[in-house]
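Colleague: So that we are looking at the same thing, I have put the structure below in structure tokens.
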Amino acid sequence: MIEKFSVYILGGGTNLEGLLERFYNRGLKTECINGNNLGEVVNDPNSGVVILESSDLDLSELNLLSKSNLPIVTTSQDLVKLANSEGIKLKYVPEETSIQAFVDKIIDYFYWFKSVNKPDKKNFAKIILKNSSFSQFDLKAFVTTKEELTFYEEHLKDLTGKPLNNLKKFSLLSAGIMSNMDDSYTLRAGLVATLAGVAFKQQIQDFIFDRLPYHSISSRLKDLAIMTSIKLKDKEITEIFHRLANYYEGHSVELSLIEQVFLVAKEFQAISFPRGIFRPNGAYIFISGINNLPADEKIKNSLSTFVRDLMTLPTAKILTMPRKISRDQMMKILNSIDSSISQDEVVVGLNQLESGQVVSRAIVDFYGRKLVEEQTVLNDELINKLSKLACLVPIIDPIIKKK
């Protein structure tokens, strides 16, 4: 499975000897280290790291490890929270009663990390709208264990054409929205959406369960919960589908962020990607009513950010252009403006605008109309208004003052 692979363990405990023995029996070289040996780990590209609850690893040492692009697993929820606050990616694996099950989960994650070409989490919007990237994107990028891979191949391997593309969009939208909130759950959100394709395989031709009555949606989600419970043995995934089923039955349910993202992505795809094609005016309609969504404020802000990511792309700008437009006009829009930029200025996309930035020159649309005066200090309200307007008319890339 993983050839010539090393596992470095930080921390100890009563189960350490059993862990070492299990890794050894699985054919992996193991070594116990401390913070002084991290250089050795960083320079070993064919390795993974296990940080046990008892480890006294500090933030600077964790930062050093994170730059190595190695798979890092920890049994400490506190360490995961600290890492998330610093933008560091850790995989949380709780210690199982069975050492064998615990070690197997870690190895499965290492295997996935090394073998799957995972998408750049900041490029989900680009993958959706860029034909070459979209056609090459494989939903198995959201799979994290061999059980999930087996489940996927058993139920979805024969999905092709438009149904496959619709499922890709749904999964990418879910992951894209989540990526602006919770890095550790981004791929998980994509996986949940992908697994939903199993339950609604027959409806994916137009859109996932878009025209099904709620009682039918609930029934299929319950069936899916049972299937994932048996085949994936993943309690969290099973509970997600149970709660969504209860939601569609009309029960009062407190939904997690992933479950809310699932519902928002479903509605956003139906309105913004009718017949599988992106319609910027649909995105405008959706985010104009975003405050009416029964979703956490984090999700609303994240969706607005995701729409900005979409509308910054050349493909989206072309879709908002009038049908009769000269090549010169089009190139001007796609390549920002044709005037020189001073040393204290920088051209940015809409998705790079931040509250507090100062507009160096007036922000204008395709027709030359001023949208924001020069020297204006941007705030969230202005940025969101520009995002919505960009869904209706191309906006020339803004020029802001360097900080």
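Numbering starts fresh at 1 for the residues of each chain in the structure tokens, the chains themselves are lettered A, B, ... in the order given, and ligands are numbered from 1 as they appear.
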DSSP on the backbone, helix (DSSP H, G or I) only: what residues of range 148-261 of chain A does that give? Format it as a PyMOL selection string.

Modeller: chain A and resi 148-156+161-179+183-199+201-203+214-231+235-248+257-261

Colleague: Quick one: of A:Ile72, A:Ile177, A:Ala141, A:Ile395, who's nearest to Lys91 in chain A, counting only C-alpha atoms?

Modeller: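 Residue with the minimum atom-to-atom distance to Lys91 in chain A: A:Ile72.
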
Colleague: Got a sec: who's within 12 Å of Asn166 in chain A, counting only C-alpha atoms, leaving out chain neighbours fewer than 3 positions off, as a ChimeraX atom specification?

Modeller: /A:128,134-135,139,159-163,169-173,193-194,197,200-210,265-266,269-270,273-278

Colleague: Kindly indicate which residue among A:Ser47, A:Ser66, A:Leu221, A:Tyr185 lies nearest to Tyr92 in chain A, using only C-alpha atoms for the distances.

Modeller: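 Ranking A:Ser47, A:Ser66, A:Leu221, A:Tyr185 by distance to Tyr92 in chain A, first place goes to A:Tyr185.
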
Colleague: Could you name the residues that touch Leu59 in chain A at 12 Å or less, counting only C-alpha atoms, but leaving out those on the same chain fewer than 4 positions away, as a short mmCIF file (atom, residue, chain, number, x, y, z; two decimals) with C-alpha atoms, in the first residue's frame?

Modeller:
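What ended up in around.cif:
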data_model
loop_
_atom_site.label_atom_id
_atom_site.label_comp_id
_atom_site.auth_asym_id
_atom_site.auth_seq_id
_atom_site.Cartn_x
_atom_site.Cartn_y
_atom_site.Cartn_z
CA GLY A 35 10.58 18.84 19.03
CA SER A 55 2.80 15.72 23.22
CA ASN A 63 4.22 25.77 12.14
CA LEU A 64 7.50 24.16 11.10
CA LEU A 65 5.78 20.81 10.59
CA SER A 66 2.93 22.35 8.60
CA LEU A 79 -4.33 21.00 19.18
CA VAL A 80 -6.73 20.89 16.21
CA LYS A 81 -8.47 24.05 17.47
CA LEU A 82 -5.11 25.81 17.93
CA ALA A 83 -4.00 24.72 14.46
CA ASN A 84 -7.25 25.91 12.86
CA SER A 85 -6.83 29.34 14.44
CA GLU A 86 -3.44 29.58 12.72
CA GLY A 87 -4.60 28.19 9.37
CA ILE A 88 -2.73 24.90 9.90
#

Colleague: Would you pick out the contacts of range 307-315 of chain A at 7 Å or less, using only C-alpha atoms, so that residues sharing its chain but fewer than 6 positions from it are not included, and give the list as an mmCIF file with N, CA and C atoms, in the first residue's frame?

Modeller:
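Just written: result36.cif:
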data_model
loop_
_atom_site.group_PDB
_atom_site.id
_atom_site.type_symbol
_atom_site.label_atom_id
_atom_site.label_comp_id
_atom_site.auth_asym_id
_atom_site.auth_seq_id
_atom_site.Cartn_x
_atom_site.Cartn_y
_atom_site.Cartn_z
ATOM 1 N N ALA A 125 -13.839 27.602 -7.176
ATOM 2 C CA ALA A 125 -14.596 28.386 -8.148
ATOM 3 C C ALA A 125 -13.981 28.241 -9.541
ATOM 4 N N LEU A 129 -15.749 26.662 -13.174
ATOM 5 C CA LEU A 129 -15.998 27.437 -14.390
ATOM 6 C C LEU A 129 -14.985 27.203 -15.512
ATOM 7 N N LEU A 334 -11.111 41.986 -19.514
ATOM 8 C CA LEU A 334 -10.429 40.808 -18.984
ATOM 9 C C LEU A 334 -9.048 41.126 -18.434
ATOM 10 N N GLY A 349 -8.423 41.640 -8.033
ATOM 11 C CA GLY A 349 -9.727 41.122 -8.408
ATOM 12 C C GLY A 349 -10.737 41.445 -7.317
ATOM 13 N N LEU A 350 -12.010 41.307 -7.629
ATOM 14 C CA LEU A 350 -13.046 41.574 -6.626
ATOM 15 C C LEU A 350 -12.870 40.703 -5.392
ATOM 16 N N ASN A 351 -12.384 39.461 -5.604
ATOM 17 C CA ASN A 351 -12.234 38.541 -4.473
ATOM 18 C C ASN A 351 -11.037 38.888 -3.591
ATOM 19 N N SER A 387 -20.026 42.889 -5.365
ATOM 20 C CA SER A 387 -20.141 41.465 -5.703
ATOM 21 C C SER A 387 -21.452 41.190 -6.415
ATOM 22 N N ALA A 390 -21.519 42.762 -9.915
ATOM 23 C CA ALA A 390 -20.667 42.038 -10.869
ATOM 24 C C ALA A 390 -21.395 40.870 -11.525
ATOM 25 N N CYS A 391 -22.473 40.400 -10.891
ATOM 26 C CA CYS A 391 -23.269 39.317 -11.487
ATOM 27 C C CYS A 391 -24.123 39.818 -12.646
#

Colleague: Counting only C-alpha atoms, which residues of range 138-226 of chain A sit at most 12 Å from some atom of range 236-248 of chain A, and what is each one's closest atom pair with its distance in Å to one decimal, listed by chain and rising residue number, as JSON lines?

Modeller:
{"residue": "A:Glu148", "atom": "CA", "partner": "A:Ile237", "partner_atom": "CA", "distance": 10.9}
{"residue": "A:Tyr185", "atom": "CA", "partner": "A:Glu236", "partner_atom": "CA", "distance": 11.9}
{"residue": "A:Arg188", "atom": "CA", "partner": "A:Ile237", "partner_atom": "CA", "distance": 9.1}
{"residue": "A:Ala189", "atom": "CA", "partner": "A:Ile237", "partner_atom": "CA", "distance": 10.1}
{"residue": "A:Gly190", "atom": "CA", "partner": "A:Ile237", "partner_atom": "CA", "distance": 11.9}
{"residue": "A:Leu191", "atom": "CA", "partner": "A:Ile237", "partner_atom": "CA", "distance": 9.3}
{"residue": "A:Val192", "atom": "CA", "partner": "A:Ile237", "partner_atom": "CA", "distance": 7.2}
{"residue": "A:Ala193", "atom": "CA", "partner": "A:Phe241", "partner_atom": "CA", "distance": 10.4}
{"residue": "A:Thr194", "atom": "CA", "partner": "A:Ile237", "partner_atom": "CA", "distance": 11.8}
{"residue": "A:Leu195", "atom": "CA", "partner": "A:Ile237", "partner_atom": "CA", "distance": 9.4}
{"residue": "A:Ala196", "atom": "CA", "partner": "A:Phe241", "partner_atom": "CA", "distance": 8.6}
{"residue": "A:Ala199", "atom": "CA", "partner": "A:Phe241", "partner_atom": "CA", "distance": 10.5}
{"residue": "A:Phe209", "atom": "CA", "partner": "A:Tyr248", "partner_atom": "CA", "distance": 11.9}
{"residue": "A:Leu212", "atom": "CA", "partner": "A:Tyr248", "partner_atom": "CA", "distance": 11.0}
{"residue": "A:Pro213", "atom": "CA", "partner": "A:Tyr248", "partner_atom": "CA", "distance": 9.2}
{"residue": "A:Tyr214", "atom": "CA", "partner": "A:Tyr248", "partner_atom": "CA", "distance": 5.5}
{"residue": "A:His215", "atom": "CA", "partner": "A:Tyr248", "partner_atom": "CA", "distance": 6.9}
{"residue": "A:Ser216", "atom": "CA", "partner": "A:Tyr248", "partner_atom": "CA", "distance": 9.0}
{"residue": "A:Ile217", "atom": "CA", "partner": "A:Tyr248", "partner_atom": "CA", "distance": 6.9}
{"residue": "A:Ser218", "atom": "CA", "partner": "A:Ala245", "partner_atom": "CA", "distance": 4.2}
{"residue": "A:Ser219", "atom": "CA", "partner": "A:Ala245", "partner_atom": "CA", "distance": 7.0}
{"residue": "A:Arg220", "atom": "CA", "partner": "A:Ala245", "partner_atom": "CA", "distance": 8.0}
{"residue": "A:Leu221", "atom": "CA", "partner": "A:Ala245", "partner_atom": "CA", "distance": 5.5}
{"residue": "A:Lys222", "atom": "CA", "partner": "A:His242", "partner_atom": "CA", "distance": 5.9}
{"residue": "A:Asp223", "atom": "CA", "partner": "A:Phe241", "partner_atom": "CA", "distance": 9.0}
{"residue": "A:Leu224", "atom": "CA", "partner": "A:Phe241", "partner_atom": "CA", "distance": 7.0}
{"residue": "A:Ala225", "atom": "CA", "partner": "A:Thr238", "partner_atom": "CA", "distance": 4.7}
{"residue": "A:Ile226", "atom": "CA", "partner": "A:Thr238", "partner_atom": "CA", "distance": 7.1}

Colleague: With C-alpha atoms retained, export the selected residues as a PDB file, in the first residue's frame.

Modeller:
ATOM      1  CA  GLU A 148     -15.100   5.609   1.197  1.00  0.00           C
ATOM      2  CA  TYR A 185     -14.009  20.326   7.114  1.00  0.00           C
ATOM      3  CA  ARG A 188     -15.630  16.630   4.322  1.00  0.00           C
ATOM      4  CA  ALA A 189     -18.360  18.914   2.947  1.00  0.00           C
ATOM      5  CA  GLY A 190     -17.490  17.823  -0.592  1.00  0.00           C
ATOM      6  CA  LEU A 191     -17.617  14.192   0.489  1.00  0.00           C
ATOM      7  CA  VAL A 192     -21.082  14.554   2.067  1.00  0.00           C
ATOM      8  CA  ALA A 193     -22.413  16.102  -1.146  1.00  0.00           C
ATOM      9  CA  THR A 194     -20.780  13.353  -3.228  1.00  0.00           C
ATOM     10  CA  LEU A 195     -22.273  10.594  -1.080  1.00  0.00           C
ATOM     11  CA  ALA A 196     -25.702  12.208  -1.474  1.00  0.00           C
ATOM     12  CA  ALA A 199     -29.309   8.375  -2.772  1.00  0.00           C
ATOM     13  CA  PHE A 209     -33.492  15.723  -5.772  1.00  0.00           C
ATOM     14  CA  LEU A 212     -38.722  15.331  -5.210  1.00  0.00           C
ATOM     15  CA  PRO A 213     -41.315  15.768  -2.435  1.00  0.00           C
ATOM     16  CA  TYR A 214     -39.783  16.235   1.008  1.00  0.00           C
ATOM     17  CA  HIS A 215     -41.020  12.880   2.345  1.00  0.00           C
ATOM     18  CA  SER A 216     -39.220  11.118  -0.519  1.00  0.00           C
ATOM     19  CA  ILE A 217     -36.010  13.089   0.146  1.00  0.00           C
ATOM     20  CA  SER A 218     -36.183  12.147   3.822  1.00  0.00           C
ATOM     21  CA  SER A 219     -36.717   8.463   3.051  1.00  0.00           C
ATOM     22  CA  ARG A 220     -33.722   8.307   0.730  1.00  0.00           C
ATOM     23  CA  LEU A 221     -31.478  10.127   3.175  1.00  0.00           C
ATOM     24  CA  LYS A 222     -32.416   7.627   5.898  1.00  0.00           C
ATOM     25  CA  ASP A 223     -31.556   4.766   3.553  1.00  0.00           C
ATOM     26  CA  LEU A 224     -28.250   6.467   2.800  1.00  0.00           C
ATOM     27  CA  ALA A 225     -27.558   6.845   6.534  1.00  0.00           C
ATOM     28  CA  ILE A 226     -28.023   3.098   6.995  1.00  0.00           C
TER      29      ILE A 226
END

Colleague: Which of these, A:Met181, A:Ile287, A:Leu187, A:Ile9, has the shortest distance to Ile106 in chain A once you count only C-alpha atoms?

Modeller: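 Of the candidates, the smallest distance to Ile106 in chain A is held by A:Ile9.
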
Colleague: Could you check how far CA of Asn281 in chain A sits from CA of Phe268 in chain A, in Å to one decimal?

Modeller: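 Between these atoms lies a distance of 11.8 Å.
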
Colleague: Quick one, how far is CA of Asp104 in chain A from CA of Ser60 in chain A?

Modeller: 29.2 Å

Colleague: Quick one: residues within 6 Å of range 343-345 of chain A, only C-alpha atoms counted, chain neighbours fewer than 4 positions away excluded, as a PyMOL selection string?

Modeller: chain A and resi 400-402

Colleague: Write the residues you've just listed into a file as a PDB file, in the first residue's frame, and include N, CA and C atoms for each of them.

Modeller:
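Final output, result-v1.pdb:
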ATOM      1  N   ILE A 400      -6.223  49.656  -6.116  1.00  0.00           N
ATOM      2  CA  ILE A 400      -6.214  50.135  -4.732  1.00  0.00           C
ATOM      3  C   ILE A 400      -4.807  50.599  -4.362  1.00  0.00           C
ATOM      4  N   LYS A 401      -4.735  51.316  -3.258  1.00  0.00           N
ATOM      5  CA  LYS A 401      -3.439  51.760  -2.757  1.00  0.00           C
ATOM      6  C   LYS A 401      -2.752  50.637  -2.005  1.00  0.00           C
ATOM      7  N   LYS A 402      -1.461  50.480  -2.229  1.00  0.00           N
ATOM      8  CA  LYS A 402      -0.696  49.513  -1.470  1.00  0.00           C
ATOM      9  C   LYS A 402      -0.633  49.940  -0.014  1.00  0.00           C
TER      10      LYS A 402
END

Colleague: Report, in Å to a single decimal, how far apart CA of Phe306 in chain A and CA of Leu149 in chain A are.

Modeller: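 Between these atoms lies a distance of 27.8 Å.
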
Colleague: List as a count of residues only the protein and nucleic acid residues near Val50 in chain A, meaning an atom at most 12 Å away when only C-alpha atoms are counted, but skip any in the same chain fewer than 2 places from it.

Modeller: 46

Colleague: So which one's closest to Glu61 in chain A, A:Leu38, A:Leu28, A:Leu371, A:Ile299? Using only C-alpha atoms, please.

Modeller: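 Comparing A:Leu38, A:Leu28, A:Leu371, A:Ile299 against Glu61 in chain A, the winner is A:Leu38.
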
Colleague: Could you please write out, as a PyMOL selection string, every residue of range 155-375 of chain A that DSSP assigns to strand (DSSP E or B)?

Modeller: chain A and resi 345-347+358-359+363-365+370-372

Colleague: Smallest atom-to-atom distance to Ile258 in chain A: which of A:Asp78, A:Ala283, A:Ser179, A:Lys231, using only C-alpha atoms?

Modeller: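 Among the listed residues, the smallest separation from Ile258 in chain A belongs to A:Ser179.
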